[in-house]
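These notes are about the structure you will find just below.
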Amino acid sequence: DELVVLVDNVEAEVVQSDDHAEEIFHYKLGGARIRLCKVASQQSANVGEVVDFTIRYDNIAEQDLSRLVIHDSLPPRLEYVEGSQQSSVAASFETEPNEVGSVILKWKLEDTLKPGEGGVVRFQARVR
């Protein structure tokens with residue numbers, strides 16, 4: 001799957017990525033810097049099982065971040081469990097089909113993140 005961060009409707013660049021049981025990404029766009037950490041509730045799952053995903057995000061810049069959007073494009077093996085999305089801060093949520101036969105999950109944060117602030121979004125996906 002693929003995580004994307006938009007700041008002011010512009011895609012931020014991945015500047016660092018760790019590929020382990022948890023995925024940690026650092027993004028930047030101008031002076032904006034954000035860290036995302038994505039964790040699955042289990043490393044492997046069988047067809048029909050539901051996996052919980054948590055994405056932690058933090059403003060690691062020295063400036064406010066506004067109009068932040070987090071996208072997570074699910075692979076064809078995963079099906080989003082309708083209604084399972086959560087956000088620790090005010091955010092609108094939507095889905096749209098992606099090119100691999102699954103969906104893109106989008107959280108549009110409604111409030112500005114001050115330096116050092118962050119939050120969590122969560123969702124469930126069923127293995128196909």
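Chain labels run A, B, ... following the order of the structure tokens; each chain numbers its residues from 1, and ligands are numbered from 1 in the order shown.
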Got a sec: who's within 8 Å of segment 5-13 of chain A, counting only C-alpha atoms, leaving out chain neighbours fewer than 3 positions off, as number ranges by chain? A: 27-29, 32, 65-71
Restricting it to all heavy atoms, dump the selection as a CSV table (one decimal), in the first residue's frame.
chain,number,residue,atom,x,y,z
A,27,TYR,N,8.1,13.2,5.5
A,27,TYR,CA,7.8,13.9,4.3
A,27,TYR,C,8.2,15.4,4.5
A,27,TYR,O,8.2,15.9,5.6
A,27,TYR,CB,6.2,13.9,4.1
A,27,TYR,CG,5.7,12.5,3.8
A,27,TYR,CD1,5.3,11.7,4.8
A,27,TYR,CD2,5.5,12.1,2.5
A,27,TYR,CE1,4.8,10.4,4.5
A,27,TYR,CE2,5.0,10.9,2.2
A,27,TYR,CZ,4.6,10.0,3.2
A,27,TYR,OH,4.1,8.8,3.0
A,28,LYS,N,8.5,16.1,3.4
A,28,LYS,CA,8.7,17.5,3.5
A,28,LYS,C,8.2,18.2,2.2
A,28,LYS,O,8.1,17.6,1.1
A,28,LYS,CB,10.2,17.8,3.6
A,28,LYS,CG,11.0,17.6,2.4
A,28,LYS,CD,12.4,18.1,2.6
A,28,LYS,CE,13.2,18.1,1.3
A,28,LYS,NZ,14.5,18.7,1.4
A,29,LEU,N,7.8,19.4,2.4
A,29,LEU,CA,7.3,20.3,1.3
A,29,LEU,C,7.7,21.7,1.8
A,29,LEU,O,7.0,22.2,2.7
A,29,LEU,CB,5.8,20.1,1.1
A,29,LEU,CG,5.3,21.0,0.0
A,29,LEU,CD1,5.9,20.6,-1.4
A,29,LEU,CD2,3.8,20.9,-0.1
A,32,ALA,N,7.6,22.7,5.5
A,32,ALA,CA,6.7,21.7,6.2
A,32,ALA,C,7.4,20.3,6.3
A,32,ALA,O,8.0,19.9,5.4
A,32,ALA,CB,5.4,21.6,5.5
A,65,LEU,N,1.2,23.6,10.5
A,65,LEU,CA,0.7,22.9,9.2
A,65,LEU,C,-0.8,23.0,9.1
A,65,LEU,O,-1.5,22.6,10.1
A,65,LEU,CB,1.1,21.4,9.3
A,65,LEU,CG,2.5,21.0,8.9
A,65,LEU,CD1,2.7,19.5,9.2
A,65,LEU,CD2,2.8,21.3,7.5
A,66,SER,N,-1.3,23.4,8.0
A,66,SER,CA,-2.7,23.5,7.8
A,66,SER,C,-3.0,22.8,6.5
A,66,SER,O,-2.2,22.6,5.7
A,66,SER,CB,-3.2,24.9,7.8
A,66,SER,OG,-2.5,25.7,6.8
A,67,ARG,N,-4.3,22.5,6.3
A,67,ARG,CA,-4.8,21.8,5.2
A,67,ARG,C,-4.1,20.5,4.9
A,67,ARG,O,-3.7,20.2,3.7
A,67,ARG,CB,-4.8,22.7,4.0
A,67,ARG,CG,-5.8,23.9,4.1
A,67,ARG,CD,-5.9,24.7,2.9
A,67,ARG,NE,-4.8,25.5,2.6
A,67,ARG,CZ,-4.4,26.7,3.1
A,67,ARG,NH1,-5.2,27.2,4.0
A,67,ARG,NH2,-3.3,27.3,2.7
A,68,LEU,N,-3.8,19.7,5.9
A,68,LEU,CA,-3.1,18.5,5.8
A,68,LEU,C,-4.1,17.4,5.4
A,68,LEU,O,-5.1,17.2,5.9
A,68,LEU,CB,-2.4,18.1,7.1
A,68,LEU,CG,-1.6,16.8,7.1
A,68,LEU,CD1,-0.4,17.0,6.2
A,68,LEU,CD2,-1.2,16.5,8.6
A,69,VAL,N,-3.7,16.6,4.4
A,69,VAL,CA,-4.5,15.4,3.9
A,69,VAL,C,-3.6,14.2,3.9
A,69,VAL,O,-2.5,14.2,3.4
A,69,VAL,CB,-5.0,15.7,2.5
A,69,VAL,CG1,-5.9,14.5,2.0
A,69,VAL,CG2,-5.9,16.9,2.4
A,70,ILE,N,-4.1,13.1,4.5
A,70,ILE,CA,-3.4,11.8,4.5
A,70,ILE,C,-4.1,10.9,3.6
A,70,ILE,O,-5.3,10.7,3.8
A,70,ILE,CB,-3.3,11.3,6.0
A,70,ILE,CG1,-2.5,12.3,6.8
A,70,ILE,CG2,-2.7,9.9,6.0
A,70,ILE,CD1,-2.6,11.9,8.3
A,71,HIS,N,-3.4,10.3,2.7
A,71,HIS,CA,-4.0,9.3,1.7
A,71,HIS,C,-3.4,7.9,2.0
A,71,HIS,O,-2.1,7.9,2.2
A,71,HIS,CB,-3.6,9.6,0.3
A,71,HIS,CG,-4.3,10.7,-0.3
A,71,HIS,ND1,-4.4,10.8,-1.7
A,71,HIS,CD2,-4.8,11.9,0.2
A,71,HIS,CE1,-5.0,12.0,-2.0
A,71,HIS,NE2,-5.2,12.6,-0.9
Find the residues of segment 2-68 of chain A that sit at most 10 Å from segment 86-95 of chain A; for each, write down the nearest two atoms and how far apart they are in Å, to one decimal. Count only C-alpha atoms. Sort by chain, then by number going up, and give it as CSV.
residue,atom,partner,partner_atom,distance
A:Thr54,CA,A:Gln86,CA,9.4
A:Ile55,CA,A:Ser87,CA,9.6
A:Arg56,CA,A:Ser88,CA,9.8
A:Leu68,CA,A:Ala91,CA,9.6
Selection file, all heavy atoms, as a JSON list (two decimals), in the first residue's frame:
[["chain", "number", "residue", "atom", "x", "y", "z"],
["A", 54, "THR", "N", -3.18, 1.46, 12.13],
["A", 54, "THR", "CA", -3.06, 2.73, 12.82],
["A", 54, "THR", "C", -1.99, 3.54, 12.11],
["A", 54, "THR", "O", -0.90, 3.04, 11.84],
["A", 54, "THR", "CB", -2.65, 2.53, 14.29],
["A", 54, "THR", "OG1", -3.65, 1.73, 14.94],
["A", 54, "THR", "CG2", -2.52, 3.85, 15.02],
["A", 55, "ILE", "N", -2.31, 4.80, 11.82],
["A", 55, "ILE", "CA", -1.34, 5.72, 11.22],
["A", 55, "ILE", "C", -1.19, 6.89, 12.19],
["A", 55, "ILE", "O", -2.14, 7.62, 12.45],
["A", 55, "ILE", "CB", -1.80, 6.23, 9.85],
["A", 55, "ILE", "CG1", -2.00, 5.07, 8.87],
["A", 55, "ILE", "CG2", -0.77, 7.24, 9.30],
["A", 55, "ILE", "CD1", -2.66, 5.47, 7.57],
["A", 56, "ARG", "N", 0.01, 7.04, 12.74],
["A", 56, "ARG", "CA", 0.33, 8.15, 13.64],
["A", 56, "ARG", "C", 1.04, 9.23, 12.81],
["A", 56, "ARG", "O", 1.92, 8.92, 12.02],
["A", 56, "ARG", "CB", 1.27, 7.65, 14.75],
["A", 56, "ARG", "CG", 1.91, 8.73, 15.60],
["A", 56, "ARG", "CD", 0.96, 9.29, 16.58],
["A", 56, "ARG", "NE", 1.48, 10.57, 17.09],
["A", 56, "ARG", "CZ", 0.88, 11.27, 18.02],
["A", 56, "ARG", "NH1", -0.23, 10.83, 18.57],
["A", 56, "ARG", "NH2", 1.37, 12.40, 18.41],
["A", 68, "LEU", "N", -3.80, 19.72, 5.90],
["A", 68, "LEU", "CA", -3.08, 18.46, 5.78],
["A", 68, "LEU", "C", -4.06, 17.36, 5.37],
["A", 68, "LEU", "O", -5.14, 17.24, 5.94],
["A", 68, "LEU", "CB", -2.42, 18.10, 7.11],
["A", 68, "LEU", "CG", -1.59, 16.83, 7.14],
["A", 68, "LEU", "CD1", -0.36, 16.96, 6.25],
["A", 68, "LEU", "CD2", -1.16, 16.53, 8.57]]
Identify, on the basis of only C-alpha atoms, every residue whose closest approach to Gly101 of chain A does not exceed 12 Å; exclude the query and any residue fewer than 4 positions from it along the same chain; express the result as a PDB file with all heavy atoms, in the first residue's frame.
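File written: result.pdb
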ATOM      1  N   SER A  73      -3.471   4.298   0.055  1.00  0.00           N
ATOM      2  CA  SER A  73      -3.985   3.507  -1.068  1.00  0.00           C
ATOM      3  C   SER A  73      -3.804   2.025  -0.751  1.00  0.00           C
ATOM      4  O   SER A  73      -2.676   1.553  -0.622  1.00  0.00           O
ATOM      5  CB  SER A  73      -3.232   3.877  -2.355  1.00  0.00           C
ATOM      6  OG  SER A  73      -3.791   3.209  -3.454  1.00  0.00           O
ATOM      7  N   LEU A  74      -4.911   1.314  -0.604  1.00  0.00           N
ATOM      8  CA  LEU A  74      -4.845  -0.093  -0.223  1.00  0.00           C
ATOM      9  C   LEU A  74      -4.484  -0.967  -1.422  1.00  0.00           C
ATOM     10  O   LEU A  74      -4.918  -0.704  -2.546  1.00  0.00           O
ATOM     11  CB  LEU A  74      -6.184  -0.550   0.355  1.00  0.00           C
ATOM     12  CG  LEU A  74      -6.661   0.184   1.610  1.00  0.00           C
ATOM     13  CD1 LEU A  74      -7.948  -0.449   2.125  1.00  0.00           C
ATOM     14  CD2 LEU A  74      -5.607   0.183   2.695  1.00  0.00           C
ATOM     15  N   PRO A  75      -3.716  -2.034  -1.171  1.00  0.00           N
ATOM     16  CA  PRO A  75      -3.374  -2.961  -2.249  1.00  0.00           C
ATOM     17  C   PRO A  75      -4.581  -3.830  -2.603  1.00  0.00           C
ATOM     18  O   PRO A  75      -5.555  -3.900  -1.830  1.00  0.00           O
ATOM     19  CB  PRO A  75      -2.243  -3.796  -1.649  1.00  0.00           C
ATOM     20  CG  PRO A  75      -2.488  -3.760  -0.182  1.00  0.00           C
ATOM     21  CD  PRO A  75      -3.106  -2.413   0.097  1.00  0.00           C
ATOM     22  N   PRO A  76      -4.543  -4.527  -3.743  1.00  0.00           N
ATOM     23  CA  PRO A  76      -5.692  -5.338  -4.162  1.00  0.00           C
ATOM     24  C   PRO A  76      -6.056  -6.440  -3.165  1.00  0.00           C
ATOM     25  O   PRO A  76      -7.190  -6.891  -3.128  1.00  0.00           O
ATOM     26  CB  PRO A  76      -5.270  -5.923  -5.504  1.00  0.00           C
ATOM     27  CG  PRO A  76      -3.821  -5.703  -5.616  1.00  0.00           C
ATOM     28  CD  PRO A  76      -3.450  -4.586  -4.688  1.00  0.00           C
ATOM     29  N   ARG A  77      -5.125  -6.846  -2.340  1.00  0.00           N
ATOM     30  CA  ARG A  77      -5.338  -7.916  -1.364  1.00  0.00           C
ATOM     31  C   ARG A  77      -6.206  -7.479  -0.187  1.00  0.00           C
ATOM     32  O   ARG A  77      -6.747  -8.299   0.545  1.00  0.00           O
ATOM     33  CB  ARG A  77      -3.954  -8.372  -0.881  1.00  0.00           C
ATOM     34  CG  ARG A  77      -3.963  -9.436   0.113  1.00  0.00           C
ATOM     35  CD  ARG A  77      -2.552  -9.950   0.376  1.00  0.00           C
ATOM     36  NE  ARG A  77      -2.681 -11.024   1.318  1.00  0.00           N
ATOM     37  CZ  ARG A  77      -2.269 -10.962   2.577  1.00  0.00           C
ATOM     38  NH1 ARG A  77      -1.636  -9.905   3.007  1.00  0.00           N
ATOM     39  NH2 ARG A  77      -2.463 -11.967   3.385  1.00  0.00           N
ATOM     40  N   LEU A  78      -6.358  -6.152   0.007  1.00  0.00           N
ATOM     41  CA  LEU A  78      -7.106  -5.632   1.155  1.00  0.00           C
ATOM     42  C   LEU A  78      -8.371  -4.909   0.722  1.00  0.00           C
ATOM     43  O   LEU A  78      -8.369  -4.149  -0.239  1.00  0.00           O
ATOM     44  CB  LEU A  78      -6.240  -4.672   1.973  1.00  0.00           C
ATOM     45  CG  LEU A  78      -5.048  -5.271   2.696  1.00  0.00           C
ATOM     46  CD1 LEU A  78      -4.259  -4.179   3.404  1.00  0.00           C
ATOM     47  CD2 LEU A  78      -5.482  -6.351   3.679  1.00  0.00           C
ATOM     48  N   GLU A  79      -9.441  -5.138   1.500  1.00  0.00           N
ATOM     49  CA  GLU A  79     -10.729  -4.486   1.271  1.00  0.00           C
ATOM     50  C   GLU A  79     -11.067  -3.677   2.516  1.00  0.00           C
ATOM     51  O   GLU A  79     -11.133  -4.220   3.624  1.00  0.00           O
ATOM     52  CB  GLU A  79     -11.795  -5.550   1.022  1.00  0.00           C
ATOM     53  CG  GLU A  79     -13.181  -5.026   0.918  1.00  0.00           C
ATOM     54  CD  GLU A  79     -14.213  -6.157   0.787  1.00  0.00           C
ATOM     55  OE1 GLU A  79     -13.935  -7.293   1.213  1.00  0.00           O
ATOM     56  OE2 GLU A  79     -15.287  -5.865   0.270  1.00  0.00           O
ATOM     57  N   TYR A  80     -11.280  -2.383   2.356  1.00  0.00           N
ATOM     58  CA  TYR A  80     -11.622  -1.503   3.470  1.00  0.00           C
ATOM     59  C   TYR A  80     -12.929  -1.954   4.118  1.00  0.00           C
ATOM     60  O   TYR A  80     -13.903  -2.244   3.421  1.00  0.00           O
ATOM     61  CB  TYR A  80     -11.738  -0.057   2.962  1.00  0.00           C
ATOM     62  CG  TYR A  80     -12.372   0.880   3.942  1.00  0.00           C
ATOM     63  CD1 TYR A  80     -11.746   1.181   5.141  1.00  0.00           C
ATOM     64  CD2 TYR A  80     -13.608   1.457   3.684  1.00  0.00           C
ATOM     65  CE1 TYR A  80     -12.332   2.037   6.057  1.00  0.00           C
ATOM     66  CE2 TYR A  80     -14.197   2.323   4.586  1.00  0.00           C
ATOM     67  CZ  TYR A  80     -13.556   2.597   5.772  1.00  0.00           C
ATOM     68  OH  TYR A  80     -14.149   3.433   6.677  1.00  0.00           O
ATOM     69  N   GLU A  96     -12.069   6.623  -2.465  1.00  0.00           N
ATOM     70  CA  GLU A  96     -12.242   6.612  -3.917  1.00  0.00           C
ATOM     71  C   GLU A  96     -11.528   5.383  -4.450  1.00  0.00           C
ATOM     72  O   GLU A  96     -10.561   4.916  -3.848  1.00  0.00           O
ATOM     73  CB  GLU A  96     -11.711   7.890  -4.564  1.00  0.00           C
ATOM     74  CG  GLU A  96     -10.220   8.067  -4.484  1.00  0.00           C
ATOM     75  CD  GLU A  96      -9.767   9.378  -5.121  1.00  0.00           C
ATOM     76  OE1 GLU A  96     -10.309  10.432  -4.785  1.00  0.00           O
ATOM     77  OE2 GLU A  96      -8.844   9.318  -5.948  1.00  0.00           O
ATOM     78  N   PRO A  97     -12.005   4.832  -5.552  1.00  0.00           N
ATOM     79  CA  PRO A  97     -11.358   3.647  -6.121  1.00  0.00           C
ATOM     80  C   PRO A  97      -9.925   3.973  -6.536  1.00  0.00           C
ATOM     81  O   PRO A  97      -9.621   5.088  -6.941  1.00  0.00           O
ATOM     82  CB  PRO A  97     -12.207   3.332  -7.359  1.00  0.00           C
ATOM     83  CG  PRO A  97     -13.482   4.069  -7.172  1.00  0.00           C
ATOM     84  CD  PRO A  97     -13.173   5.262  -6.311  1.00  0.00           C
ATOM     85  N   ARG A 128      -8.569 -10.294   1.229  1.00  0.00           N
ATOM     86  CA  ARG A 128      -9.339 -10.958   0.177  1.00  0.00           C
ATOM     87  C   ARG A 128      -8.649 -12.235  -0.275  1.00  0.00           C
ATOM     88  O   ARG A 128      -7.471 -12.342  -0.302  1.00  0.00           O
ATOM     89  CB  ARG A 128      -9.461 -10.063  -1.047  1.00  0.00           C
ATOM     90  CG  ARG A 128     -10.133  -8.765  -0.812  1.00  0.00           C
ATOM     91  CD  ARG A 128     -10.318  -8.100  -2.136  1.00  0.00           C
ATOM     92  NE  ARG A 128     -10.126  -6.669  -1.995  1.00  0.00           N
ATOM     93  CZ  ARG A 128     -10.652  -5.780  -2.793  1.00  0.00           C
ATOM     94  NH1 ARG A 128     -11.380  -6.130  -3.790  1.00  0.00           N
ATOM     95  NH2 ARG A 128     -10.449  -4.513  -2.614  1.00  0.00           N
TER      96      ARG A 128
END
Can you pull out the residues contacting segment 37-50 of chain A? Cut-off 7 Å, using only C-alpha atoms, and skip same-chain residues under 2 positions away; I want them as an mmCIF file with all heavy atoms, in the first residue's frame.
data_model
loop_
_atom_site.group_PDB
_atom_site.id
_atom_site.type_symbol
_atom_site.label_atom_id
_atom_site.label_comp_id
_atom_site.auth_asym_id
_atom_site.auth_seq_id
_atom_site.Cartn_x
_atom_site.Cartn_y
_atom_site.Cartn_z
ATOM 1 N N ALA A 21 8.162 -4.021 10.384
ATOM 2 C CA ALA A 21 6.797 -4.363 10.795
ATOM 3 C C ALA A 21 5.957 -3.100 10.903
ATOM 4 O O ALA A 21 4.778 -3.102 10.623
ATOM 5 C CB ALA A 21 6.811 -5.095 12.118
ATOM 6 N N GLU A 22 6.605 -2.020 11.317
ATOM 7 C CA GLU A 22 5.932 -0.728 11.260
ATOM 8 C C GLU A 22 6.668 0.087 10.209
ATOM 9 O O GLU A 22 7.869 -0.041 10.029
ATOM 10 C CB GLU A 22 5.955 -0.014 12.612
ATOM 11 C CG GLU A 22 7.338 0.344 13.092
ATOM 12 C CD GLU A 22 7.316 1.029 14.439
ATOM 13 O OE1 GLU A 22 6.376 0.811 15.201
ATOM 14 O OE2 GLU A 22 8.249 1.790 14.708
ATOM 15 N N GLU A 23 5.933 0.877 9.477
ATOM 16 C CA GLU A 23 6.532 1.706 8.444
ATOM 17 C C GLU A 23 6.584 3.135 8.952
ATOM 18 O O GLU A 23 5.584 3.648 9.441
ATOM 19 C CB GLU A 23 5.708 1.651 7.162
ATOM 20 C CG GLU A 23 5.641 0.275 6.553
ATOM 21 C CD GLU A 23 4.706 0.240 5.364
ATOM 22 O OE1 GLU A 23 3.519 0.554 5.546
ATOM 23 O OE2 GLU A 23 5.189 -0.088 4.274
ATOM 24 N N ILE A 24 7.752 3.759 8.862
ATOM 25 C CA ILE A 24 7.913 5.141 9.291
ATOM 26 C C ILE A 24 8.362 5.949 8.084
ATOM 27 O O ILE A 24 9.328 5.591 7.409
ATOM 28 C CB ILE A 24 8.938 5.266 10.430
ATOM 29 C CG1 ILE A 24 8.477 4.431 11.631
ATOM 30 C CG2 ILE A 24 9.125 6.725 10.820
ATOM 31 C CD1 ILE A 24 9.477 4.339 12.750
ATOM 32 N N PHE A 25 7.635 7.022 7.801
ATOM 33 C CA PHE A 25 7.924 7.884 6.661
ATOM 34 C C PHE A 25 8.119 9.312 7.152
ATOM 35 O O PHE A 25 7.408 9.758 8.049
ATOM 36 C CB PHE A 25 6.751 7.891 5.667
ATOM 37 C CG PHE A 25 6.397 6.538 5.131
ATOM 38 C CD1 PHE A 25 5.488 5.728 5.801
ATOM 39 C CD2 PHE A 25 6.958 6.069 3.951
ATOM 40 C CE1 PHE A 25 5.139 4.483 5.312
ATOM 41 C CE2 PHE A 25 6.616 4.825 3.452
ATOM 42 C CZ PHE A 25 5.715 4.032 4.130
ATOM 43 N N ARG A 35 6.003 13.462 10.050
ATOM 44 C CA ARG A 35 6.406 12.057 10.213
ATOM 45 C C ARG A 35 5.145 11.227 10.328
ATOM 46 O O ARG A 35 4.229 11.577 11.064
ATOM 47 C CB ARG A 35 7.261 11.896 11.464
ATOM 48 C CG ARG A 35 7.665 10.441 11.733
ATOM 49 C CD ARG A 35 8.509 10.293 12.981
ATOM 50 N NE ARG A 35 7.862 10.930 14.112
ATOM 51 C CZ ARG A 35 8.477 11.761 14.950
ATOM 52 N NH1 ARG A 35 9.733 12.069 14.809
ATOM 53 N NH2 ARG A 35 7.806 12.299 15.963
ATOM 54 N N ASP A 52 -6.365 -4.503 11.793
ATOM 55 C CA ASP A 52 -6.488 -3.121 12.243
ATOM 56 C C ASP A 52 -5.225 -2.365 11.855
ATOM 57 O O ASP A 52 -4.115 -2.847 12.087
ATOM 58 C CB ASP A 52 -6.644 -3.049 13.767
ATOM 59 C CG ASP A 52 -7.900 -3.730 14.251
ATOM 60 O OD1 ASP A 52 -8.973 -3.490 13.677
ATOM 61 O OD2 ASP A 52 -7.813 -4.508 15.228
ATOM 62 N N PHE A 53 -5.392 -1.171 11.281
ATOM 63 C CA PHE A 53 -4.261 -0.326 10.909
ATOM 64 C C PHE A 53 -4.335 0.984 11.675
ATOM 65 O O PHE A 53 -5.416 1.555 11.847
ATOM 66 C CB PHE A 53 -4.271 -0.020 9.410
ATOM 67 C CG PHE A 53 -3.941 -1.208 8.560
ATOM 68 C CD1 PHE A 53 -4.945 -2.028 8.076
ATOM 69 C CD2 PHE A 53 -2.623 -1.525 8.260
ATOM 70 C CE1 PHE A 53 -4.657 -3.134 7.298
ATOM 71 C CE2 PHE A 53 -2.319 -2.624 7.486
ATOM 72 C CZ PHE A 53 -3.338 -3.438 6.995
ATOM 73 N N THR A 54 -3.175 1.456 12.126
ATOM 74 C CA THR A 54 -3.059 2.733 12.817
ATOM 75 C C THR A 54 -1.987 3.545 12.113
ATOM 76 O O THR A 54 -0.897 3.040 11.842
ATOM 77 C CB THR A 54 -2.653 2.529 14.294
ATOM 78 O OG1 THR A 54 -3.653 1.733 14.936
ATOM 79 C CG2 THR A 54 -2.519 3.854 15.024
ATOM 80 N N ILE A 55 -2.313 4.797 11.817
ATOM 81 C CA ILE A 55 -1.341 5.722 11.221
ATOM 82 C C ILE A 55 -1.189 6.889 12.192
ATOM 83 O O ILE A 55 -2.140 7.619 12.452
ATOM 84 C CB ILE A 55 -1.799 6.233 9.850
ATOM 85 C CG1 ILE A 55 -2.003 5.075 8.872
ATOM 86 C CG2 ILE A 55 -0.766 7.239 9.295
ATOM 87 C CD1 ILE A 55 -2.663 5.469 7.568
ATOM 88 N N ARG A 56 0.011 7.042 12.740
ATOM 89 C CA ARG A 56 0.333 8.153 13.641
ATOM 90 C C ARG A 56 1.035 9.226 12.812
ATOM 91 O O ARG A 56 1.916 8.919 12.016
ATOM 92 C CB ARG A 56 1.266 7.653 14.751
ATOM 93 C CG ARG A 56 1.907 8.729 15.599
ATOM 94 C CD ARG A 56 0.956 9.293 16.581
ATOM 95 N NE ARG A 56 1.479 10.574 17.090
ATOM 96 C CZ ARG A 56 0.877 11.265 18.018
ATOM 97 N NH1 ARG A 56 -0.225 10.831 18.567
ATOM 98 N NH2 ARG A 56 1.374 12.405 18.414
ATOM 99 N N TYR A 57 0.641 10.468 12.959
ATOM 100 C CA TYR A 57 1.299 11.561 12.237
ATOM 101 C C TYR A 57 1.707 12.643 13.231
ATOM 102 O O TYR A 57 1.040 12.861 14.241
ATOM 103 C CB TYR A 57 0.399 12.151 11.135
ATOM 104 C CG TYR A 57 -0.946 12.596 11.639
ATOM 105 C CD1 TYR A 57 -1.136 13.881 12.123
ATOM 106 C CD2 TYR A 57 -2.019 11.719 11.668
ATOM 107 C CE1 TYR A 57 -2.362 14.276 12.616
ATOM 108 C CE2 TYR A 57 -3.258 12.116 12.147
ATOM 109 C CZ TYR A 57 -3.413 13.393 12.625
ATOM 110 O OH TYR A 57 -4.624 13.789 13.116
ATOM 111 N N GLN A 124 -9.920 -0.456 9.491
ATOM 112 C CA GLN A 124 -9.801 -1.905 9.382
ATOM 113 C C GLN A 124 -9.897 -2.298 7.912
ATOM 114 O O GLN A 124 -10.580 -1.635 7.133
ATOM 115 C CB GLN A 124 -10.921 -2.607 10.143
ATOM 116 C CG GLN A 124 -10.848 -2.422 11.641
ATOM 117 C CD GLN A 124 -11.999 -3.100 12.347
ATOM 118 O OE1 GLN A 124 -13.111 -3.155 11.839
ATOM 119 N NE2 GLN A 124 -11.727 -3.632 13.525
ATOM 120 N N ALA A 125 -9.210 -3.387 7.577
ATOM 121 C CA ALA A 125 -9.272 -3.930 6.229
ATOM 122 C C ALA A 125 -9.369 -5.452 6.319
ATOM 123 O O ALA A 125 -8.750 -6.078 7.184
ATOM 124 C CB ALA A 125 -8.051 -3.529 5.416
ATOM 125 N N ARG A 126 -10.158 -6.016 5.427
ATOM 126 C CA ARG A 126 -10.333 -7.476 5.370
ATOM 127 C C ARG A 126 -9.456 -8.015 4.229
ATOM 128 O O ARG A 126 -9.383 -7.444 3.155
ATOM 129 C CB ARG A 126 -11.796 -7.804 5.084
ATOM 130 C CG ARG A 126 -12.096 -9.303 5.059
ATOM 131 C CD ARG A 126 -13.592 -9.580 4.997
ATOM 132 N NE ARG A 126 -14.207 -9.258 6.297
ATOM 133 C CZ ARG A 126 -14.990 -8.210 6.538
ATOM 134 N NH1 ARG A 126 -15.288 -7.354 5.579
ATOM 135 N NH2 ARG A 126 -15.491 -7.994 7.725
ATOM 136 N N VAL A 127 -8.789 -9.136 4.515
ATOM 137 C CA VAL A 127 -7.938 -9.771 3.525
ATOM 138 C C VAL A 127 -8.817 -10.506 2.530
ATOM 139 O O VAL A 127 -9.724 -11.254 2.907
ATOM 140 C CB VAL A 127 -6.941 -10.755 4.195
ATOM 141 C CG1 VAL A 127 -6.091 -11.453 3.136
ATOM 142 C CG2 VAL A 127 -6.080 -10.031 5.216
ATOM 143 N N ARG A 128 -8.569 -10.294 1.229
ATOM 144 C CA ARG A 128 -9.339 -10.958 0.177
ATOM 145 C C ARG A 128 -8.649 -12.235 -0.275
ATOM 146 O O ARG A 128 -7.471 -12.342 -0.302
ATOM 147 C CB ARG A 128 -9.461 -10.063 -1.047
ATOM 148 C CG ARG A 128 -10.133 -8.765 -0.812
ATOM 149 C CD ARG A 128 -10.318 -8.100 -2.136
ATOM 150 N NE ARG A 128 -10.126 -6.669 -1.995
ATOM 151 C CZ ARG A 128 -10.652 -5.780 -2.793
ATOM 152 N NH1 ARG A 128 -11.380 -6.130 -3.790
ATOM 153 N NH2 ARG A 128 -10.449 -4.513 -2.614
#
List the neighbours of Pro115 of chain A out to 8 Å using only C-alpha atoms; skip same-chain residues closer than 6 positions along the sequence, and give me the result as a compact mmCIF listing (two decimals) with all heavy atoms, in the first residue's frame.
# COMPACT_ATOMS: atom_id res chain seq x y z
N ASN A 59 3.68 16.69 13.39
CA ASN A 59 4.29 17.86 12.77
C ASN A 59 5.68 18.00 13.38
O ASN A 59 5.82 18.37 14.54
CB ASN A 59 3.45 19.11 13.03
CG ASN A 59 4.07 20.36 12.43
OD1 ASN A 59 5.15 20.32 11.86
ND2 ASN A 59 3.38 21.47 12.59
N ILE A 60 6.72 17.69 12.61
CA ILE A 60 8.09 17.77 13.12
C ILE A 60 8.81 19.03 12.61
O ILE A 60 10.03 19.13 12.70
CB ILE A 60 8.89 16.49 12.81
CG1 ILE A 60 8.94 16.20 11.31
CG2 ILE A 60 8.32 15.31 13.58
CD1 ILE A 60 9.85 15.04 10.93
N ALA A 61 8.04 19.96 12.07
CA ALA A 61 8.60 21.23 11.61
C ALA A 61 8.51 22.27 12.72
O ALA A 61 7.94 22.01 13.78
CB ALA A 61 7.84 21.73 10.37
N GLU A 62 9.06 23.43 12.45
CA GLU A 62 8.98 24.52 13.41
C GLU A 62 7.92 25.53 13.00
O GLU A 62 7.94 26.67 13.44
CB GLU A 62 10.35 25.18 13.55
CG GLU A 62 11.37 24.23 14.15
CD GLU A 62 12.73 24.87 14.36
OE1 GLU A 62 12.85 26.11 14.27
OE2 GLU A 62 13.66 24.12 14.62
N GLN A 63 6.99 25.10 12.15
CA GLN A 63 5.91 25.97 11.71
C GLN A 63 4.59 25.22 11.76
O GLN A 63 4.58 23.99 11.79
CB GLN A 63 6.17 26.47 10.29
CG GLN A 63 6.13 25.35 9.25
CD GLN A 63 6.53 25.84 7.87
OE1 GLN A 63 7.50 26.57 7.74
NE2 GLN A 63 5.80 25.43 6.85
N ASP A 64 3.49 25.96 11.78
CA ASP A 64 2.17 25.35 11.76
C ASP A 64 1.94 24.64 10.43
O ASP A 64 2.46 25.05 9.40
CB ASP A 64 1.09 26.42 11.93
CG ASP A 64 1.07 27.04 13.32
OD1 ASP A 64 1.84 26.59 14.19
OD2 ASP A 64 0.29 27.99 13.52
N LEU A 65 1.15 23.57 10.46
CA LEU A 65 0.73 22.85 9.25
C LEU A 65 -0.78 22.96 9.15
O LEU A 65 -1.49 22.61 10.09
CB LEU A 65 1.10 21.37 9.32
CG LEU A 65 2.49 20.96 8.92
CD1 LEU A 65 2.68 19.47 9.17
CD2 LEU A 65 2.76 21.28 7.48
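With only C-alpha atoms as the basis for measurement, A:Asp58 is the residue among A:Val51, A:Glu110, A:Val121, A:Asp58 that approaches Arg33 of chain A most closely.
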Extract the full set of strand (DSSP E or B) residues from chain A according to DSSP on the backbone, and format it as number ranges by chain. A: 2-7, 10-11, 13-19, 22-29, 32-40, 50-59, 65, 68-73, 78-80, 86-87, 91-97, 103-109, 113, 118-127
